[in-house]
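Worksheet: the structure to be examined is printed underneath.
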Amino acid sequence: MTDGNAEYRYDNTAVLSVTALEAPVVVTSDQIDDELSGTLERLRLRRGMLQRIAGIRERRWWSDDVSFVDAAATAGAKALSEAGVDPRDVGLLINTSVSRAHLEPSTAVAVHHALGLPQTALNFDIANACLGFVNGMQVAANMIDAGQIRYALVVAGESSRQAQEATIERLRRPETTRRDIRDQFATLTLGSGAAAMVLAAADAHPDGHRLVGGVGRAATQHHELCVGDNTRMRTDAKGLLDAGLELAEATWAHVGAWDWQDMDLYVMHQVSVAHTSGVVDRLGLDPARVPVTFPLLGNVGPASLPLTLAQSVDSLSAGERVLCMGVGSGLNTCALEIVW
């Protein structure tokens, strides 16, 4: 540990598969503008803010009969199938979703049941805003390296529909102010989707993609910049962007020994065009090596990063280096290297 930085390395963990599911219902930013047309006109605000400011043209919703638990379980089943792993061999399930229907029991128990995992499979939630999936990978790798389990499944299923429908309805009220629009703007950038990853002992799977390790850093003095529940999210968008970029830059200042300046792919948590371009500029990265999914999928919470990685798999070759990078509200940040 150096100057508050948490550094970690793994000896025997590999990624066997990473999969993603896109929700089927397309909701365009133009549609949201149509829903809010009366409010925008009354407040003398221009249409197109979601595209102009965030760079988000569309986001997805699940159908009414599909829950985020269903989505996480489906993504998990797909990841196990692609990895060739029997569900009966899974020793650990970690659900990392922000979306949750209730405080208890954990969402993981519903996913565990839906997948028919064995009684011996540990299962629990890890919640850390949009950084949760990467934290799930870290915990799974620690247990694999320790020899406690052979296979781990990390999942995230997110649904933005409930929060966005409630926010749109609230912003349509005649008492809505410009500040209300500003404070709840980020809610309208969210998206729905699911992702899953299977990790295993590398010595038993030499063709797997080695998890190398990484660093993390916290700036929890900013924990009130973005606060949300199932129906409302209040965000200081500029404050969150500025603090997030400052934290990313501070973290990057301590990664010299990792030699991450020339990675083959930088897979970031997907927030907005301002966030992505800000990180690229601050860290001096090649934008051609930074795939983006937010323009058509929005910010899919902790599922954003693995979803973007899953969409990039076909472009990767053996031996190429991938850096997973995320900042989660709170604030926490993490960079995690995978050798493909």
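By convention here, the chains of the structure tokens are called A, B, ... in the order presented, each chain's residues are numbered starting at 1, and ligands are numbered starting at 1 in the order presented.
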
Item to check | Nearby residues (only C-alpha atoms) at most 6 Å from range 166-182 of chain A, same-chain spacing under 5 positions excluded, as a list in words | outcome: Leu36, Thr39 and Thr231 of chain A

Residues of range 239-310 of chain A that have any atom at most 9 Å from an atom of range 195-200 of chain A: could you tabulate them with the shortest-distance atom pair and the distance in Å to one decimal, using only C-alpha atoms, ordered by chain and increasing number, as JSON lines?
{"residue": "A:Pro302", "atom": "CA", "partner": "A:Ala195", "partner_atom": "CA", "distance": 8.8}
{"residue": "A:Ala303", "atom": "CA", "partner": "A:Ala195", "partner_atom": "CA", "distance": 5.5}
{"residue": "A:Ser304", "atom": "CA", "partner": "A:Ala195", "partner_atom": "CA", "distance": 8.1}
{"residue": "A:Leu305", "atom": "CA", "partner": "A:Ala195", "partner_atom": "CA", "distance": 8.8}
{"residue": "A:Pro306", "atom": "CA", "partner": "A:Ala195", "partner_atom": "CA", "distance": 6.1}
{"residue": "A:Leu307", "atom": "CA", "partner": "A:Ala195", "partner_atom": "CA", "distance": 5.6}
{"residue": "A:Ala310", "atom": "CA", "partner": "A:Ala195", "partner_atom": "CA", "distance": 8.2}

Item to check | From A:Arg161, A:Lys78, A:His112, A:Arg59, residue lying nearest Ile94 in chain A [only C-alpha atoms] | outcome: A:His112

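In terms of minimum interatomic distance to His275 in chain A, A:Ile53 ranks closest within A:Ile53, A:Leu331, A:Ala110, A:Val25, counting only C-alpha atoms.
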
Item to check | Residue list (strand (DSSP E or B), DSSP) for range 207-288 of chain A, as a list in words | outcome: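 Going through range 207-288 of chain A, the strand (DSSP E or B) residues come out as His209, Arg210, Leu211, Val212, Gly213, Gly214, Val215, Gly216, Arg217, Ala218, Cys226, Val227, Gly228, Met233, Arg234, Thr235, Leu265, Tyr266, Val267 and Met268 of chain A.
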
Using only N, CA, C and O atoms, please write the residues we just selected to a file, as a CSV table (one decimal), in the first residue's frame.
chain,number,residue,atom,x,y,z
A,209,HIS,N,-8.1,-16.4,-19.4
A,209,HIS,CA,-7.5,-15.0,-19.5
A,209,HIS,C,-7.1,-14.6,-18.1
A,209,HIS,O,-7.9,-14.4,-17.2
A,210,ARG,N,-5.8,-14.5,-17.9
A,210,ARG,CA,-5.2,-14.3,-16.6
A,210,ARG,C,-5.6,-12.9,-15.9
A,210,ARG,O,-5.4,-11.9,-16.6
A,211,LEU,N,-6.1,-13.0,-14.7
A,211,LEU,CA,-6.3,-11.8,-13.9
A,211,LEU,C,-5.0,-11.5,-13.2
A,211,LEU,O,-4.5,-12.3,-12.4
A,212,VAL,N,-4.4,-10.3,-13.5
A,212,VAL,CA,-3.1,-9.9,-13.0
A,212,VAL,C,-3.2,-9.2,-11.7
A,212,VAL,O,-2.5,-9.6,-10.8
A,213,GLY,N,-4.0,-8.2,-11.6
A,213,GLY,CA,-4.1,-7.5,-10.4
A,213,GLY,C,-4.4,-6.0,-10.7
A,213,GLY,O,-4.7,-5.6,-11.8
A,214,GLY,N,-4.3,-5.1,-9.7
A,214,GLY,CA,-4.5,-3.7,-9.9
A,214,GLY,C,-4.4,-2.9,-8.7
A,214,GLY,O,-3.7,-3.2,-7.7
A,215,VAL,N,-5.0,-1.7,-8.8
A,215,VAL,CA,-5.0,-0.7,-7.7
A,215,VAL,C,-6.3,-0.1,-7.5
A,215,VAL,O,-7.2,-0.1,-8.4
A,216,GLY,N,-6.5,0.4,-6.3
A,216,GLY,CA,-7.8,1.1,-6.0
A,216,GLY,C,-7.5,2.3,-5.1
A,216,GLY,O,-6.4,2.5,-4.5
A,217,ARG,N,-8.5,3.2,-5.1
A,217,ARG,CA,-8.3,4.4,-4.3
A,217,ARG,C,-9.7,5.0,-3.9
A,217,ARG,O,-10.6,4.7,-4.6
A,218,ALA,N,-9.8,5.6,-2.8
A,218,ALA,CA,-11.1,6.2,-2.3
A,218,ALA,C,-11.0,7.7,-2.1
A,218,ALA,O,-10.0,8.2,-1.7
A,226,CYS,N,-23.9,11.8,-5.2
A,226,CYS,CA,-24.9,11.0,-5.9
A,226,CYS,C,-25.6,10.1,-4.9
A,226,CYS,O,-24.9,9.1,-4.4
A,227,VAL,N,-26.8,10.3,-4.7
A,227,VAL,CA,-27.6,9.5,-3.7
A,227,VAL,C,-28.9,9.0,-4.4
A,227,VAL,O,-29.6,9.9,-4.9
A,228,GLY,N,-29.2,7.7,-4.4
A,228,GLY,CA,-30.4,7.3,-5.1
A,228,GLY,C,-31.0,6.1,-4.4
A,228,GLY,O,-30.5,5.4,-3.6
A,233,MET,N,-33.0,9.5,-8.0
A,233,MET,CA,-31.5,9.7,-7.8
A,233,MET,C,-31.2,11.2,-7.9
A,233,MET,O,-31.5,11.8,-8.9
A,234,ARG,N,-30.6,11.7,-6.8
A,234,ARG,CA,-30.2,13.1,-6.8
A,234,ARG,C,-28.7,13.2,-7.1
A,234,ARG,O,-27.9,12.6,-6.3
A,235,THR,N,-28.2,13.9,-8.1
A,235,THR,CA,-26.8,13.9,-8.5
A,235,THR,C,-26.3,15.3,-8.7
A,235,THR,O,-27.0,16.1,-9.4
A,265,LEU,N,-6.4,-2.4,-24.7
A,265,LEU,CA,-7.8,-2.0,-24.5
A,265,LEU,C,-8.0,-1.4,-23.1
A,265,LEU,O,-7.5,-2.0,-22.1
A,266,TYR,N,-8.7,-0.3,-23.1
A,266,TYR,CA,-9.1,0.3,-21.8
A,266,TYR,C,-10.6,0.2,-21.7
A,266,TYR,O,-11.3,0.9,-22.5
A,267,VAL,N,-11.1,-0.7,-20.9
A,267,VAL,CA,-12.6,-0.9,-20.7
A,267,VAL,C,-13.0,-0.1,-19.5
A,267,VAL,O,-12.8,-0.5,-18.4
A,268,MET,N,-13.8,1.0,-19.7
A,268,MET,CA,-14.2,1.9,-18.7
A,268,MET,C,-15.6,1.6,-18.3
A,268,MET,O,-16.4,1.2,-19.1

Item to check | Residue neighbourhood Asp203 in chain A, 12 Å, only C-alpha atoms, exclusion window fewer than 4 positions, as a ChimeraX atom specification | outcome: /A:11-15,144-145,147,150,207-210

Residues as selected, N, CA, C and O atoms, written as a compact mmCIF listing (two decimals), in the first residue's frame, can you do that?
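Result file is out00.txt:
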# COMPACT_ATOMS: atom_id res chain seq x y z
N ASP A 11 -2.27 -14.69 -8.34
CA ASP A 11 -1.34 -15.70 -8.80
C ASP A 11 -1.98 -16.79 -9.66
O ASP A 11 -1.31 -17.38 -10.50
N ASN A 12 -3.27 -17.08 -9.44
CA ASN A 12 -3.82 -18.28 -10.07
C ASN A 12 -5.30 -18.12 -10.42
O ASN A 12 -6.10 -19.03 -10.21
N THR A 13 -5.68 -16.97 -10.95
CA THR A 13 -7.08 -16.75 -11.33
C THR A 13 -7.18 -16.36 -12.80
O THR A 13 -6.39 -15.54 -13.28
N ALA A 14 -8.14 -16.96 -13.49
CA ALA A 14 -8.36 -16.65 -14.90
C ALA A 14 -9.85 -16.41 -15.15
O ALA A 14 -10.70 -17.00 -14.49
N VAL A 15 -10.12 -15.55 -16.12
CA VAL A 15 -11.48 -15.33 -16.60
C VAL A 15 -11.75 -16.36 -17.70
O VAL A 15 -11.00 -16.44 -18.67
N ILE A 144 -10.36 -17.82 -5.06
CA ILE A 144 -9.77 -18.81 -5.97
C ILE A 144 -8.28 -18.97 -5.67
O ILE A 144 -7.76 -20.08 -5.57
N ASP A 145 -7.58 -17.85 -5.51
CA ASP A 145 -6.15 -17.91 -5.20
C ASP A 145 -5.89 -18.63 -3.87
O ASP A 145 -4.86 -19.29 -3.70
N GLY A 147 -7.50 -21.10 -2.82
CA GLY A 147 -7.84 -22.51 -2.96
C GLY A 147 -9.15 -22.89 -2.31
O GLY A 147 -9.47 -24.08 -2.19
N ARG A 150 -13.18 -23.48 -6.72
CA ARG A 150 -12.63 -23.70 -8.07
C ARG A 150 -13.25 -22.75 -9.08
O ARG A 150 -12.56 -22.28 -10.00
N ASP A 207 -5.94 -21.99 -20.89
CA ASP A 207 -6.43 -21.16 -22.00
C ASP A 207 -7.25 -19.97 -21.51
O ASP A 207 -7.73 -19.17 -22.32
N GLY A 208 -7.43 -19.86 -20.20
CA GLY A 208 -8.19 -18.74 -19.65
C GLY A 208 -7.42 -17.43 -19.75
O GLY A 208 -6.24 -17.40 -20.12
N HIS A 209 -8.08 -16.35 -19.40
CA HIS A 209 -7.50 -15.01 -19.48
C HIS A 209 -7.06 -14.60 -18.08
O HIS A 209 -7.90 -14.40 -17.20
N ARG A 210 -5.75 -14.47 -17.90
CA ARG A 210 -5.20 -14.29 -16.55
C ARG A 210 -5.56 -12.95 -15.94
O ARG A 210 -5.41 -11.89 -16.56

Checklist entry - DSSP says helix (DSSP H, G or I) for which residues of range 119-301 of chain A? Put them as a ChimeraX atom specification? => result /A:132-145,161-171,178-189,202-204,220-222,237-252,256-258,273-283,287-289,294-297,301

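Taking only C-alpha atoms, the non-local environment of Leu316 in chain A within 9 Å (same-chain residues fewer than 4 positions away omitted) comprises Asp264, Leu265, Ser312, Glu320, Arg321, Val322 and Trp340 of chain A.
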
Item to check | Who sits within 9 Å of Gly301 in chain A, only C-alpha atoms, same chain under 6 positions skipped, as a PyMOL selection string | outcome: chain A and resi 97-99+129-132+156+158+190-193+269-271+328

Next on the checklist: Can you measure CA of Met325 in chain A to CA of Ala201 in chain A for me? One decimal in Å is fine.
Outcome noted: 23.0 Å

Item to check | Nearest to Val280 in chain A by atom-to-atom distance, counting only C-alpha atoms, from A:Asn123, A:Thr187, A:Thr220, A:Gln261 | outcome: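 Closest residue, counting only C-alpha atoms: A:Gln261.
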
Checklist entry - Can you tell me how far CA of Phe68 in chain A sits from CA of Gly157 in chain A, in Å to one decimal? => result 4.7 Å

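Excluding His102 in chain A itself and same-chain residues fewer than 4 positions from it, the residues having an atom within 10 Å of it are Ser106, Thr107 and Asn230 of chain A, counting only C-alpha atoms.
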
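Comparing A:Val27, A:Arg289, A:Ala237, A:Ala114 by their smallest distance to Phe185 in chain A, the closest is A:Ala237 (using only C-alpha atoms).
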